[in-house]
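Engineer: The structure is given below, and queries will be raised subsequently.
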Number of protein chains: 2
Amino acid sequence: MLPKLFHDLPANALKNINFQKSETIFRQYDETCGLYFVISGKVSLKRHSPNGDEIIIHNAGKNETFAEAALFSKEYHCDATAIETTQLVLINKAAVLAQMASNPIFAMNLSAQFARQIQIYRRRLEIQAIQSADERVYAAIGDGMLQGNIIKELAAHIGLSHEATYRSLANLVKRNKLTKFARGKYIIK
Amino acid sequence: MLPKLFHDLPANALKNINFQKSETIFRQYDETCGLYFVISGKVSLKRHSPNGDEIIIHNAGKNETFAEAALFSKEYHCDATAIETTQLVLINKAAVLAQMASNPIFAMNLSAQFARQIQIYRRRLEIQAIQSADERVYAAIGDGMLQGNIIKELAAHIGLSHEATYRSLANLVKRNKLTKFARGKYIIK
DNA sequence: CGGCGTTTTGAGAGAGCTCAACATCGGTGG
DNA sequence: CCACCGATGTTGAGCTCTCTCAAAACGCCG
């Protein structure tokens, strides 16, 4: 779902674009045209180090925005490619900036959206910092990371193999911290 | 260094406050008065789960802001306590919102600041996702995480024991990806 | 010189990864 | 309707890598 705040933008500021697997969305040093929202599919953001190796900056999935910093920068600072068939919304940079200038409510909503993102990422980092697989899985579930998500994806999100994740889930059920109510469905307490 | 953009605020919007170790900065459900910037020391942000356990949301260190979301919320959503002697700047919420409403440049600068944060956190998450200690350390150094920082801090940032970090540094030197030019000083290539 | 903290290296134990096998579910086609 | 297939879920066993505990070298500062 595209965040509501973007509906304050004129209709022509939003453009749906589809990409096939491996297609390029933008390249480093391309002039920025806006930020993106992922309707479906997956996008990989990479940068090339001076040494030539590729550095993964981020993988953006369904319902995420990416390239927010493009709003305030002349050029993209990384490459973006679709790693599967992907539907995106391109949110026009000039329209966003104009709206921010003329509509303080919009500016606040955008900042609030960013602030929320920051919160979420900080929390994720804290979760990653948890050593024990069991506690990490527990924290992630407490954070609502298993909503409609499949467990393999949860595992990837929290940096565990899916096997380790399954084992932790089983442990947590044994330890009476989780309840299993269906194949692959768990709930806290 | 307090980010420059905040100097657009009236002088009375910034208040220096000092806390002793273990002192409370704010509590969950307290009415928000603003966001904070850490001049020195360390702050721990925690929430209490319905089950009673404490959940660490984030640990904010020197030169970080925290509680940005307070700008857009009536109440704080977690507890903040100083975990060492700490100097903070309290950035008044009403002043920030007023400035955003009347000064689009300020609003954009604030959003840009948030967007930068988001970029940084995403990158950190990608680094944490790297399995191999060697590659993780290499990525972190490539990201400039070893600027004046001591290695133990780097280790904590990237979720490795300091011993493992030292060993990876040694490996990377052997593999000719890093150069050691002094005790605890490394540079890429 | 003598502490104190960081850096470095060693050895053992434990946790999670990998490889592998199997179960279960939903969908697809005969 | 049933057999098959692919993807997810689940569990087992061995191996590898990192953590932990320990100790020593080094550098800084009083």
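Numbering starts fresh at 1 for the residues of each chain in the structure tokens, the chains themselves are lettered A, B, ... in the order given, and ligands are numbered from 1 as they appear.
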Could you list, as a list in words, the residues of chain A having an atom within 10 Å of chain D when counting only C-alpha atoms (C1' of nucleotides)?
Structural biologist: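 Taking only C-alpha atoms (C1' of nucleotides) into account, Gln131, Ile150, Ile151, Lys152, His162, Glu163, Tyr166, Arg167, Ala170, Arg183 and Gly184 of chain A sit within 10 Å of chain D.
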Engineer: Store the residues picked out above, limited to C-alpha atoms, as a CSV table (one decimal), in the first residue's frame.
Structural biologist:
chain,number,residue,atom,x,y,z
A,131,GLN,CA,23.4,-13.3,20.1
A,150,ILE,CA,6.7,-16.9,5.6
A,151,ILE,CA,9.3,-18.2,7.9
A,152,LYS,CA,12.1,-18.4,5.4
A,162,HIS,CA,15.8,-21.0,8.1
A,163,GLU,CA,16.8,-24.3,9.8
A,166,TYR,CA,12.7,-23.4,12.9
A,167,ARG,CA,14.7,-24.9,15.7
A,170,ALA,CA,10.4,-25.2,18.4
A,183,ARG,CA,2.0,-25.3,10.3
A,184,GLY,CA,4.3,-22.3,10.3
Engineer: Per residue of chain C within 9 Å of chain B, note the shortest atom pair and the distance in Å to one decimal, counting only C-alpha atoms (C1' of nucleotides), and order the rows by chain and increasing residue number, as a tab-separated table.
Structural biologist:
residue	atom	partner	partner_atom	distance
C:DT6	C1'	B:Lys152	CA	8.3
C:DT7	C1'	B:Gly184	CA	6.7
C:DT8	C1'	B:Tyr166	CA	7.2
C:DT9	C1'	B:Arg167	CA	8.6
Engineer: If you keep N, CA and C atoms (P, O5', C5', C4', C3', O3' and C1' of nucleotides), can you produce a file of those selected residues as a PDB file, in the first residue's frame?
Structural biologist:
ATOM      1  P    DT C   6      39.780   0.185  26.560  1.00  0.00           P
ATOM      2  O5'  DT C   6      40.697  -0.188  25.308  1.00  0.00           O
ATOM      3  C5'  DT C   6      41.491   0.824  24.724  1.00  0.00           C
ATOM      4  C4'  DT C   6      42.581   0.196  23.883  1.00  0.00           C
ATOM      5  C3'  DT C   6      42.078  -0.755  22.789  1.00  0.00           C
ATOM      6  O3'  DT C   6      42.610  -0.318  21.547  1.00  0.00           O
ATOM      7  C1'  DT C   6      43.821  -1.763  24.033  1.00  0.00           C
ATOM      8  P    DT C   7      42.195  -1.080  20.179  1.00  0.00           P
ATOM      9  O5'  DT C   7      43.365  -2.163  20.010  1.00  0.00           O
ATOM     10  C5'  DT C   7      44.714  -1.715  19.867  1.00  0.00           C
ATOM     11  C4'  DT C   7      45.641  -2.915  19.845  1.00  0.00           C
ATOM     12  C3'  DT C   7      45.306  -3.983  18.791  1.00  0.00           C
ATOM     13  O3'  DT C   7      46.467  -4.217  18.018  1.00  0.00           O
ATOM     14  C1'  DT C   7      45.689  -4.973  20.891  1.00  0.00           C
ATOM     15  P    DT C   8      46.405  -4.943  16.607  1.00  0.00           P
ATOM     16  O5'  DT C   8      46.690  -6.452  16.999  1.00  0.00           O
ATOM     17  C5'  DT C   8      47.858  -6.694  17.754  1.00  0.00           C
ATOM     18  C4'  DT C   8      47.953  -8.077  18.285  1.00  0.00           C
ATOM     19  C3'  DT C   8      47.429  -9.209  17.407  1.00  0.00           C
ATOM     20  O3'  DT C   8      48.563  -9.906  16.887  1.00  0.00           O
ATOM     21  C1'  DT C   8      46.988  -9.558  19.711  1.00  0.00           C
ATOM     22  P    DT C   9      48.434 -11.097  15.882  1.00  0.00           P
ATOM     23  O5'  DT C   9      48.345 -12.378  16.840  1.00  0.00           O
ATOM     24  C5'  DT C   9      49.456 -12.703  17.652  1.00  0.00           C
ATOM     25  C4'  DT C   9      49.112 -13.858  18.557  1.00  0.00           C
ATOM     26  C3'  DT C   9      48.528 -15.104  17.865  1.00  0.00           C
ATOM     27  O3'  DT C   9      49.286 -16.243  18.276  1.00  0.00           O
ATOM     28  C1'  DT C   9      47.261 -14.543  19.757  1.00  0.00           C
TER      29       DT C   9
END
Engineer: May I have the residues of chain A within 7 Å of chain B, counting only C-alpha atoms, written as a PyMOL selection string?
Structural biologist: chain A and resi 56-58+68-69+72+100-101+104+107+111-112+114-118+121-123+125-126+129+159
Engineer: Need to verify the contact set: Thr24 in chain A, 8 Å, only C-alpha atoms (C1' of nucleotides), exclusion of same-chain residues closer than 4 positions in sequence. Can you return it as a list in words?
Structural biologist: Phe19, Asp79, Ala80, Thr81 and Ala82 of chain A
Engineer: Looking at only C-alpha atoms, which of A:Ser44, A:Asp53, A:Lys93, A:Phe26 is the one that sits closest to Tyr76 in chain A?
Structural biologist: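 The answer is A:Phe26, which sits nearest to Tyr76 in chain A.
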Engineer: By how many Å are CA of Asn16 in chain B and CA of Leu90 in chain B apart?
Structural biologist: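 Between these atoms lies a distance of 6.3 Å.
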Engineer: In range 17-84 of chain B, what's helix (DSSP H, G or I) per DSSP? Answer as a ChimeraX atom specification?
Structural biologist: /B:68-72
Engineer: Keeping all heavy atoms, export the residues of the selection given above as an mmCIF file, in the first residue's frame.
Structural biologist:
data_model
loop_
_atom_site.group_PDB
_atom_site.id
_atom_site.type_symbol
_atom_site.label_atom_id
_atom_site.label_comp_id
_atom_site.auth_asym_id
_atom_site.auth_seq_id
_atom_site.Cartn_x
_atom_site.Cartn_y
_atom_site.Cartn_z
ATOM 1 N N GLU B 68 13.442 11.039 17.489
ATOM 2 C CA GLU B 68 12.945 11.885 16.417
ATOM 3 C C GLU B 68 11.435 11.773 16.280
ATOM 4 O O GLU B 68 10.745 12.755 15.991
ATOM 5 C CB GLU B 68 13.561 11.494 15.071
ATOM 6 C CG GLU B 68 15.047 11.692 14.949
ATOM 7 C CD GLU B 68 15.819 10.505 15.496
ATOM 8 O OE1 GLU B 68 15.189 9.649 16.141
ATOM 9 O OE2 GLU B 68 17.025 10.441 15.284
ATOM 10 N N ALA B 69 10.938 10.573 16.494
ATOM 11 C CA ALA B 69 9.504 10.357 16.301
ATOM 12 C C ALA B 69 8.682 11.154 17.311
ATOM 13 O O ALA B 69 7.484 11.356 17.121
ATOM 14 C CB ALA B 69 9.165 8.874 16.388
ATOM 15 N N ALA B 70 9.331 11.616 18.364
ATOM 16 C CA ALA B 70 8.619 12.426 19.363
ATOM 17 C C ALA B 70 8.020 13.676 18.734
ATOM 18 O O ALA B 70 7.005 14.201 19.198
ATOM 19 C CB ALA B 70 9.564 12.826 20.491
ATOM 20 N N LEU B 71 8.623 14.141 17.665
ATOM 21 C CA LEU B 71 8.127 15.337 16.989
ATOM 22 C C LEU B 71 6.686 15.164 16.533
ATOM 23 O O LEU B 71 5.934 16.128 16.430
ATOM 24 C CB LEU B 71 8.987 15.646 15.759
ATOM 25 C CG LEU B 71 10.412 16.143 16.012
ATOM 26 C CD1 LEU B 71 11.139 16.265 14.684
ATOM 27 C CD2 LEU B 71 10.366 17.477 16.739
ATOM 28 N N PHE B 72 6.328 13.942 16.237
ATOM 29 C CA PHE B 72 5.029 13.690 15.615
ATOM 30 C C PHE B 72 4.134 12.837 16.493
ATOM 31 O O PHE B 72 3.197 12.211 16.024
ATOM 32 C CB PHE B 72 5.249 13.032 14.253
ATOM 33 C CG PHE B 72 6.261 13.740 13.427
ATOM 34 C CD1 PHE B 72 7.550 13.238 13.287
ATOM 35 C CD2 PHE B 72 5.957 14.955 12.830
ATOM 36 C CE1 PHE B 72 8.507 13.907 12.541
ATOM 37 C CE2 PHE B 72 6.910 15.637 12.078
ATOM 38 C CZ PHE B 72 8.191 15.118 11.939
#
Engineer: When DSSP works through the backbone of this structure, what residues of range 19-49 of chain A end up as strand (DSSP E or B), shown as a ChimeraX atom specification?
Structural biologist: /A:19,24-26,31,34-40,43-48
Engineer: Tell me, as an MDAnalysis selection string, which residues lie within 10 Å of Pro10 in chain A, counting only C-alpha atoms (C1' of nucleotides); anything in the same chain fewer than 4 positions away does not count.
Structural biologist: chainID A and resid 6 14 92 95:96 99
Engineer: For the residues selected in the previous step, produce a file with N, CA and C atoms as a compact mmCIF listing (two decimals), in the first residue's frame.
Structural biologist:
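This is the output file out-v2.txt:
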# COMPACT_ATOMS: atom_id res chain seq x y z
N PHE A 6 1.34 10.33 0.22
CA PHE A 6 1.68 10.63 -1.17
C PHE A 6 0.45 10.94 -2.02
N LEU A 14 2.84 10.54 -9.67
CA LEU A 14 3.02 9.12 -9.40
C LEU A 14 2.96 8.35 -10.71
N ASN A 92 7.64 11.41 -8.14
CA ASN A 92 8.44 12.47 -8.76
C ASN A 92 9.05 13.42 -7.75
N ALA A 95 7.86 17.19 -7.76
CA ALA A 95 6.52 17.31 -7.18
C ALA A 95 6.58 17.23 -5.67
N VAL A 96 7.40 16.34 -5.16
CA VAL A 96 7.53 16.20 -3.71
C VAL A 96 8.11 17.47 -3.11
N GLN A 99 5.64 20.24 -3.18
CA GLN A 99 4.60 20.04 -2.16
C GLN A 99 5.15 20.38 -0.77
Engineer: Between A:Glu153, A:Glu23, A:Asp8, A:Glu54, which residue has the minimum interatomic distance to Thr86 in chain A, considering only C-alpha atoms?
Structural biologist: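 Among A:Glu153, A:Glu23, A:Asp8, A:Glu54, it is A:Glu23 that comes nearest to Thr86 in chain A.
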Engineer: So that I can check the surroundings of Lys15 in chain A, please list as a ChimeraX atom specification every protein, DNA and RNA residue that reaches within 12 Å of it, counting only C-alpha atoms (C1' of nucleotides) and ignoring chain neighbours fewer than 2 positions away.
Structural biologist: /A:2,6,9-13,17-18,33-39,87-93,95
Engineer: Quick one: pull the distance between CA of Ser22 in chain B and CA of Ser132 in chain A, Å, one decimal.
Structural biologist: 26.2 Å
